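Q: Next up, model_23.cif (mmCIF, C-alpha atoms).
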```cif
data_data
loop_
_atom_site.label_atom_id
_atom_site.label_comp_id
_atom_site.auth_asym_id
_atom_site.auth_seq_id
_atom_site.Cartn_x
_atom_site.Cartn_y
_atom_site.Cartn_z
CA MET U 781 -47.18 -68.10 49.08
CA ILE U 782 -50.31 -70.16 49.69
CA LYS U 783 -50.89 -73.90 49.43
CA LEU U 784 -54.56 -74.44 48.66
CA PRO U 785 -56.33 -77.78 49.10
CA THR U 786 -57.39 -79.94 46.16
CA GLN U 787 -59.19 -77.97 43.44
CA VAL U 788 -62.13 -79.22 41.37
CA PHE U 789 -62.09 -78.61 37.61
CA VAL U 790 -65.03 -79.51 35.37
CA SER U 791 -64.04 -80.60 31.88
CA HIS U 792 -64.97 -83.17 29.25
CA SER U 793 -61.28 -83.82 28.69
CA LYS U 794 -58.35 -84.24 31.02
CA PRO U 795 -56.95 -80.82 32.07
CA GLU U 796 -53.30 -80.51 31.13
CA ALA U 797 -50.85 -77.62 31.30
CA SER U 798 -50.00 -77.98 27.61
CA LYS U 799 -53.63 -77.33 26.70
CA ILE U 800 -54.64 -74.87 29.43
CA THR U 801 -51.66 -72.49 29.29
CA PRO U 802 -52.05 -71.45 25.62
CA LEU U 803 -55.77 -71.00 26.19
CA LEU U 804 -55.20 -68.69 29.17
CA ASN U 805 -52.59 -66.68 27.31
CA GLU U 806 -54.56 -66.29 24.10
CA ARG U 807 -58.04 -65.69 25.47
CA PHE U 808 -57.50 -63.90 28.75
CA TRP U 809 -54.03 -62.46 29.28
CA LYS U 810 -51.57 -60.51 27.24
CA PRO U 811 -48.37 -62.46 26.54
CA LEU U 812 -45.94 -62.00 29.43
CA MET A 601 -68.70 -80.64 45.71
CA ARG A 602 -71.61 -80.16 48.14
CA TRP A 603 -72.54 -76.94 46.34
CA LEU A 604 -72.66 -78.75 42.98
CA ASP A 605 -74.89 -81.37 44.54
CA GLY A 606 -77.18 -78.78 46.15
CA GLN A 607 -77.61 -76.92 42.88
CA ASN A 608 -78.45 -80.11 40.96
CA TYR A 609 -75.60 -79.20 38.66
CA THR A 610 -76.08 -81.23 35.51
CA LEU A 611 -72.62 -82.47 34.77
CA ASP A 612 -73.82 -84.34 31.70
CA ASP A 613 -74.70 -81.08 29.94
CA PRO A 614 -72.47 -80.73 26.85
CA ARG A 615 -72.19 -76.95 27.29
CA TRP A 616 -70.79 -76.71 30.81
CA GLY A 617 -70.62 -80.26 32.11
CA GLY A 618 -67.93 -82.88 32.06
CA ASP A 619 -65.96 -84.98 34.46
CA LEU A 620 -64.91 -83.71 37.87
CA TRP A 621 -61.14 -83.50 37.84
CA LEU A 622 -59.18 -83.11 41.05
CA LEU A 623 -56.06 -80.96 40.76
CA GLU A 624 -53.38 -80.60 43.44
CA PRO A 625 -52.12 -77.00 43.64
CA LYS A 626 -48.48 -76.22 44.22
CA GLU A 627 -47.56 -73.35 46.53
CA ALA A 628 -48.71 -70.28 44.65
CA ASN A 629 -48.58 -66.52 44.91
CA LEU A 630 -52.28 -65.73 45.18
CA ALA A 631 -54.00 -62.40 45.69
CA VAL A 632 -56.57 -62.96 48.43
CA VAL A 633 -59.83 -61.04 48.62
CA ALA A 634 -61.39 -62.01 51.95
CA HIS A 635 -62.98 -58.65 52.73
CA PRO A 636 -64.23 -55.61 50.76
CA SER A 637 -61.16 -53.70 51.95
CA ASP A 638 -58.94 -56.28 50.18
CA LEU A 639 -60.76 -55.56 46.94
CA ARG A 640 -60.33 -51.82 47.39
CA GLU A 641 -56.60 -52.32 47.95
CA LEU A 642 -56.35 -54.29 44.71
CA CYS A 643 -58.26 -51.55 42.89
CA ALA A 644 -55.82 -48.98 44.23
CA SER A 645 -52.79 -51.08 43.25
CA TYR A 646 -54.14 -52.29 39.89
CA PRO A 647 -56.56 -49.62 38.63
CA HIS A 648 -58.33 -50.52 35.41
CA PRO A 649 -56.82 -48.52 32.50
CA GLU A 650 -60.28 -47.42 31.29
CA LEU A 651 -61.61 -46.52 34.73
CA ASP A 652 -61.87 -42.79 33.95
CA HIS A 653 -63.84 -43.56 30.80
CA PHE A 654 -66.31 -45.81 32.63
CA ASN A 655 -66.82 -43.33 35.43
CA SER A 656 -67.40 -40.53 32.93
CA LEU A 657 -70.41 -42.40 31.53
CA SER A 658 -72.51 -41.35 34.49
CA GLU A 659 -72.22 -38.92 37.34
CA ARG A 660 -74.56 -41.03 39.43
CA VAL A 661 -73.35 -44.59 38.89
CA LYS A 662 -70.08 -45.18 40.66
CA SER A 663 -69.99 -48.97 40.87
CA PHE A 664 -67.30 -49.02 38.19
CA GLU A 665 -64.85 -47.61 40.69
CA LEU A 666 -63.97 -51.16 41.77
CA LEU A 667 -62.72 -52.41 38.40
CA VAL A 668 -59.37 -54.15 38.65
CA ASP A 669 -56.81 -54.48 35.89
CA TRP A 670 -56.75 -58.28 36.02
CA GLU A 671 -54.23 -58.59 33.20
CA ARG A 672 -51.65 -56.56 35.10
CA LEU A 673 -52.47 -58.33 38.37
CA SER A 674 -51.87 -61.69 36.67
CA GLN A 675 -48.29 -60.64 35.95
CA ASP A 676 -47.62 -60.32 39.70
CA TYR A 677 -49.84 -63.13 40.99
CA ASP A 678 -50.64 -66.71 40.00
CA GLY A 679 -54.32 -66.13 40.63
CA LEU A 680 -57.07 -64.68 42.77
CA HIS A 681 -58.47 -66.50 45.81
CA VAL A 682 -61.79 -65.56 47.43
CA PRO A 683 -62.15 -67.78 50.51
CA ASN A 684 -65.67 -66.84 51.56
CA PRO A 685 -67.72 -64.42 49.43
CA TRP A 686 -71.05 -65.11 51.11
CA PRO A 687 -70.96 -62.59 54.02
CA TRP A 688 -70.18 -59.71 51.63
CA ARG A 689 -72.72 -60.45 48.89
CA PHE A 690 -75.34 -58.15 50.33
CA GLY A 691 -73.22 -55.45 51.91
CA TYR A 692 -72.90 -57.18 55.26
CA GLY A 693 -72.36 -54.90 58.22
CA ASP A 694 -72.98 -51.24 58.97
CA ASP A 695 -70.51 -49.99 56.37
CA PHE A 696 -72.49 -50.97 53.27
CA ASP A 697 -70.19 -51.33 50.28
CA TYR A 698 -72.46 -51.58 47.24
CA ALA A 699 -69.69 -51.78 44.65
CA ALA A 700 -67.82 -54.50 46.54
CA SER A 701 -71.02 -56.47 47.05
CA MET A 702 -71.43 -56.61 43.25
CA PHE A 703 -68.04 -58.29 43.02
CA PHE A 704 -68.80 -60.85 45.74
CA TYR A 705 -72.33 -61.45 44.43
CA THR A 706 -70.94 -63.23 41.36
CA MET A 707 -69.70 -66.05 43.60
CA ASP A 708 -71.72 -68.61 45.55
CA ALA A 709 -68.87 -70.33 47.31
CA GLU A 710 -65.10 -70.28 47.78
CA CYS A 711 -63.56 -69.41 44.43
CA THR A 712 -60.08 -69.37 42.95
CA CYS A 713 -59.37 -67.93 39.53
CA TRP A 714 -56.03 -69.27 38.31
CA ALA A 715 -54.02 -67.10 35.95
CA ARG A 716 -51.66 -69.90 35.05
CA TRP A 717 -51.12 -73.64 35.55
CA CYS A 718 -49.93 -74.17 39.16
CA PHE A 719 -50.68 -77.86 39.73
CA GLU A 720 -48.58 -80.92 40.30
CA GLY A 721 -49.11 -84.62 39.72
CA GLU A 722 -51.70 -86.30 37.56
CA PRO A 723 -55.30 -85.02 37.61
CA ARG A 724 -57.71 -87.55 39.13
CA ILE A 725 -61.38 -88.04 38.29
CA ALA A 726 -63.85 -87.75 41.19
CA SER A 727 -67.41 -88.93 41.40
CA LEU A 728 -70.31 -86.90 42.71
CA GLU A 729 -72.77 -88.91 44.72
CA ARG A 730 -76.05 -87.02 44.91
CA SER A 731 -77.70 -86.98 48.31
CA ASN A 732 -81.21 -87.22 46.80
CA ALA A 733 -80.36 -90.05 44.40
#
```
Please, can you express the file's structure as structure tokens?
A:
Amino acid sequence: MIKLPTQVFVSHSKPEASKITPLLNERFWKPL
Amino acid sequence: MRWLDGQNYTLDDPRWGGDLWLLEPKEANLAVVAHPSDLRELCASYPHPELDHFNSLSERVKSFELLVDWERLSQDYDGLHVPNPWPWRFGYGDDFDYAASMFFYTMDAECTCWARWCFEGEPRIASLERSNA
């Protein structure tokens, strides 16, 4: 397990898990 | 942040710009590629399902041999962390690894590709003060 320092994310809107997770699942990964 | 500044990254561009949000990662299970040998280990553990097809396209081009099955890797890891791609971008060292250098060449600085949301707390907006402003 790794604890990385603060990450920078560029977005016009606030990044939120509820928005990002469906996007990752639908566009990049097969459903787990 | 310094890299963005040095590249004159136009954050006001509607296509790729936006605000700079700071996210605090939780402890995460990350695959780390810090050396070409790490990439070769991932390729051996997560071979791309169409690797044979790609390699059959040419007898002489073998760079496809380092394709990773990222979908399957994402089921075991929260993401991929590349702490310092720069030394390997041009096949650093005596043991030139052309295929690995193609992977590292796509990155200019430390990179993390997150496969899922692994952050805690509220995202904060940061400002980028340009040194030549």
Q: Quick check on the file I pasted: which residues fall under the PyMOL selection byres ((chain U and resi 784-800) around 7)? Write them as a list in words.
A: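 For this structure, the PyMOL selection byres ((chain U and resi 784-800) around 7) captures Ile782, Lys783, Thr801, Pro802, Leu803 and Leu804 of chain U; Gly617, Gly618, Asp619, Leu620, Trp621, Leu622, Leu623, Glu624, Pro625 and Trp717 of chain A.
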Q: Suppose you want the space between atom CA of U:Glu806 and atom CA of A:Glu671; what is it in Å?
A: 11.9 Å
Q: Only residues of chain A matter here; which ones have an atom within 10 Å of chain U, counting all atoms listed in the file? Give them as a PyMOL selection string.
A: chain A and resi 601+611-632+670-672+674-675+677-678+681+711-712+714-720+722-726
Q: If you measure from atom CA of A:Phe690 to atom CA of A:Ser645, what distance in Å do you get, rounded to one decimal?
A: 24.7 Å
Q: Quote the spacing between atom CA of A:Glu710 and atom CA of A:Arg640 in Å to one decimal place.
A: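 Atom CA of A:Glu710 sits 19.1 Å away from atom CA of A:Arg640.
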